[in-house]
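J.: This structure is in structure tokens; I'll ask about it shortly.
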Amino acid sequence: MFGLEKKDATLLVIVAILTLFAPFLLNPFPSESAMAQFNAGYPDLMQRFVIFGIFAIGFNILFGLTGYLSFGHAAFLGVGSYSAVWMFKLLSMNVIPAIVLSIVVAGLFSLLIGFISLRRSGIYFSILTLAFAQMSFNLAYSVLTPITNGETGLQLTLNDPRVLGQSATADGSIPVTSLFGLEMRSTYELVMGPWTFQFNAGYYLCAIIMVLAFYLSIRIFRSPFGLMLRAIKSNQTRMSYTGLNPKPYTLAAFVISGMYAGLAGGLMASMDPLAGAERMQWTASGEVVLMTILGGAGTLIGPVLGAGFIKYFENIFSKINDTVLHSWFSFMPDGLENLVVMLVHPFIGKGWHLTLGLMFMMVVIFLPGGLVEGGQRIRRLFRRKDDTPAAKTEPAE
Amino acid sequence: MGILEVKNVNKRFGGLQALGDVNLSVAENSVHAIIGPNGAGKSTLLNCLVGKLMPDTGSVLFDGHSVLGRTPHEINQMGISRVFQTPEIFSELTVLENMMIPCLAKRDGSFRMHAVANMFDETELVEKAEHMLESMNMAGKHHMPAAAMSRGDKRRLEIAMCLAQEPRLLLLDEPTAGMARADTNNTIDLLKQIKDERDITIAIIEHDMHVVFSLAERITVLAQGMPLVEDTPENIKGHPKVKEAYLGEAH
């Protein structure tokens, strides 16, 4: 199906179905219940899941296949965001031209940075990409202020000379982003008993693009080009003595993953038309590295899992505060309750980074293949219980 | 004129004269061995032939074209394949994938983007890789990771990968180094079989005299970076200069 092997096609269909029904799956708790704060099915967070999923899928094409660890991919995300916002300011509020421009600009920018950075490999390559990204970040804050609007960030105003559209709506407010008239922020709420499910147009646009991006990444993984990228990771000496030039292959992978990052940045701006320099900071570059490794570098589905995992923690764990903890542990005697709350306190709210850091350590130590390896181990465990004779190892998905 | 012509090649590393005026002519479709004691400059010479090192002076012609200043992958695409002392294979990939890479290099040249082609739909390519594995007695190991193979099999795979590109000149750098006697003999038989089956020139750098005398048609002896003598195996065996160069070595 779609030029894929059966196993890959199944995976694609599963991903498509999960993203389609995400508004249900991520909202398992009734909206008035105490557990409702664990619901992740609201538009803003769901959009972030799939957008960062795209970012991580692209990053994995470079890092997972060739093994070149870029520490500057957030620069391409930021550049994509700026391009998209400029398109909204100058051309129209339609998201399509904005997304196309953000991919093109990020592609050109990554071609330049990749061309220079790929003169070195290993740690030197990582440092070069990090340096370029930090340079972009600082430029966006200082000398490039006419383009980036510095610290305030690039936003829409009522005076934008929108060529194919109006500067302001009839009631004097800034127009919103849309896909040929379908507003990205429009949300349909479905109330079923105590449950509320939200279906957001912007989320579904991002989800469709993510499924397409995922499909393309499967095709790249299974293509001769993907084989060459894995060969680069495995043994560059043998590769060049087999008459293959590793450089253009690595550069192509770098540009493709840069374009994925640009797409993610463009989508981010399409959902919420503003762009700030902090999107290019090294912490943002580090985040996509964490996502990819946490999920499983070099696997197909791993980066998406990692992105969802980290974004869930960032948004849900950080919301839990001491009041919530007190209400959870209120069944305990007072002194014990305070003690437990005090012990749990560093891991929640602003301390969610600590929880994430510990989980990351656990994964790297016990599951070097990331969450995907965890899934495979569990599956193998069940297979063994079933007593099937075919106990061969599963190739990475 | 031979397929490979090395003329007056010099290479210095600081104060060390690694190669001094080396002249070498390898005749087409022959098996030519280069021997010499440790530090004689055998590996340096080989590295000058494949683009890893640039000689200070001199020329290296392959089939009438200079290889100097070209990168390893360009030289390989000219028709020179190299087998390394420790097998250089793609350990993380499966045996079949290992074989497909040289097949692709043969078909597509040094770079080609085909990001949406499906590798396993390319029947012709897979068939060629499978055929090659079969002819090297490696069938049935297609989906095994290359890292899991024995040392001898890795060597066999590396040679098979080189042959898949149909090179005109195969360079082997101590192909039996560190091998047990049985594996060494297998490798000798394999190389003999390759020689019988195809039009190929083989240049072999070797330490093991048993290997050299069972394969080579001509032998060049290097000592301290200089070619000492070049002759047939029969004449080399009793040559006084060769004995002198190897004095103290247990061969």
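Identifiers in the structure tokens: chain A, B, ... in order shown; residue index from 1 per chain; ligand index from 1 in order shown.
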Within 7 Å of B:His143, counting only C-alpha atoms, which residues show up once you throw out same-chain ones fewer than 3 positions away? Write them as a PyMOL selection string, please.
T.: chain B and resi 94-96
J.: Take the residues just selected and output them with N, CA and C atoms as a compact mmCIF listing (two decimals), in the first residue's frame.
T.:
# COMPACT_ATOMS: atom_id res chain seq x y z
N THR B 94 22.50 -5.38 7.61
CA THR B 94 22.44 -6.81 7.34
C THR B 94 23.37 -7.14 6.17
N VAL B 95 23.64 -8.44 6.01
CA VAL B 95 24.54 -8.89 4.96
C VAL B 95 24.02 -8.47 3.59
N LEU B 96 22.70 -8.62 3.40
CA LEU B 96 22.14 -8.25 2.10
C LEU B 96 22.29 -6.75 1.83
J.: Would you kindly return, as a list of chain:residue names, each protein, DNA or RNA residue with an atom no farther than 9 Å from any atom of B:Met226, considering only C-alpha atoms and excluding same-chain residues fewer than 2 positions away?
T.: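 Neighbouring residues, sequence-local ones excluded: B:Ala18, B:Leu19, B:Gly20, B:Asp21, B:Val22, B:Asn23, B:Ala40, B:Gly41, B:Val221, B:Leu222, B:Ala223, B:Gln224, B:Leu228.
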J.: When you look at stretch 340-345 of chain A with a cut-off of 8 Å (counting only C-alpha atoms), what residues show up, excluding the ones that are within fewer than 3 positions of it in the same chain? I need them as a VMD selection string.
T.: chain A and resid 321 to 322 325 to 326 329 336 to 337 348 to 349 351
J.: At a cut-off of 8 Å, list the chain A residues touching chain B, using only C-alpha atoms, as an mmCIF file with C-alpha atoms, in the first residue's frame.
T.:
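Dumped everything to result_20.cif:
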data_model
loop_
_atom_site.group_PDB
_atom_site.id
_atom_site.type_symbol
_atom_site.label_atom_id
_atom_site.label_comp_id
_atom_site.auth_asym_id
_atom_site.auth_seq_id
_atom_site.Cartn_x
_atom_site.Cartn_y
_atom_site.Cartn_z
ATOM 1 C CA GLY A 3 4.545 1.780 -2.061
ATOM 2 C CA LEU A 4 5.175 0.553 1.489
ATOM 3 C CA LEU A 216 7.669 10.669 3.580
ATOM 4 C CA ARG A 219 9.804 6.312 2.258
ATOM 5 C CA ILE A 220 13.177 7.923 2.960
ATOM 6 C CA ARG A 222 13.289 2.440 3.096
ATOM 7 C CA SER A 223 14.862 4.037 0.030
ATOM 8 C CA PRO A 224 18.363 3.499 -1.367
ATOM 9 C CA PHE A 225 19.020 7.042 -0.158
ATOM 10 C CA GLY A 226 18.109 5.970 3.386
ATOM 11 C CA LEU A 227 20.414 2.968 3.036
ATOM 12 C CA MET A 228 23.254 5.328 2.121
ATOM 13 C CA ARG A 230 22.687 4.378 7.399
ATOM 14 C CA ALA A 231 25.921 3.411 5.651
ATOM 15 C CA SER A 234 27.983 2.602 10.041
ATOM 16 C CA ASN A 235 31.296 3.034 8.212
ATOM 17 C CA THR A 237 35.697 4.521 5.282
ATOM 18 C CA ARG A 238 34.087 1.590 3.527
ATOM 19 C CA SER A 240 34.187 6.110 0.253
ATOM 20 C CA TYR A 241 36.195 3.040 -0.792
ATOM 21 C CA THR A 242 32.993 1.741 -2.368
ATOM 22 C CA GLY A 243 32.931 4.726 -4.680
ATOM 23 C CA LEU A 244 30.298 6.686 -2.789
ATOM 24 C CA ASN A 245 30.723 10.276 -1.725
ATOM 25 C CA PRO A 248 26.389 15.210 -0.539
ATOM 26 C CA TYR A 249 24.363 12.435 1.112
#
J.: Excluding A:Glu314 and its own-chain neighbours fewer than 3 positions away, which residues fall within 12 Å of it when counting only C-alpha atoms? Please give them as a PyMOL selection string.
T.: chain A and resi 38+40+45+48-49+287+307-311+317-320+347-357
J.: To one decimal place, how far is atom CA of B:Ser66 from atom CA of B:Ser25 in Å?
T.: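 Distance reported for this atom pair: 14.0 Å.
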J.: For the strand (DSSP E) assignment from backbone DSSP, which residues of stretch 53-257 of chain A qualify? Please present them as a VMD selection string.
T.: chain A and resid 154 to 155 178 to 179 182 to 183 187 to 192 195 to 200
J.: Next, the residues of the selection above should be written as a short mmCIF file (atom, residue, chain, number, x, y, z; two decimals), in the first residue's frame with C-alpha atoms.
T.:
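Wrote part_30.cif, looks like this:
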data_model
loop_
_atom_site.label_atom_id
_atom_site.label_comp_id
_atom_site.auth_asym_id
_atom_site.auth_seq_id
_atom_site.Cartn_x
_atom_site.Cartn_y
_atom_site.Cartn_z
CA LEU A 154 7.34 39.47 15.40
CA GLN A 155 3.57 40.00 15.61
CA SER A 178 -7.15 30.48 7.91
CA LEU A 179 -7.03 27.81 5.26
CA LEU A 182 -11.49 27.92 7.40
CA GLU A 183 -10.25 29.65 10.53
CA THR A 187 -13.16 24.60 17.38
CA TYR A 188 -16.18 22.36 17.56
CA GLU A 189 -17.08 21.19 21.03
CA LEU A 190 -18.79 17.87 21.45
CA VAL A 191 -20.40 17.30 24.83
CA MET A 192 -21.14 13.65 25.66
CA TRP A 195 -17.10 14.49 28.76
CA THR A 196 -16.22 17.43 26.52
CA PHE A 197 -14.25 16.81 23.34
CA GLN A 198 -12.75 19.59 21.24
CA PHE A 199 -12.19 19.34 17.50
CA ASN A 200 -9.96 22.11 16.24
#
J.: Could you write out, as number ranges by chain, all the residues of stretch 30-135 of chain B that DSSP marks as alpha helix (DSSP H)?
T.: B: 42-50, 72-78, 95-108, 123-135
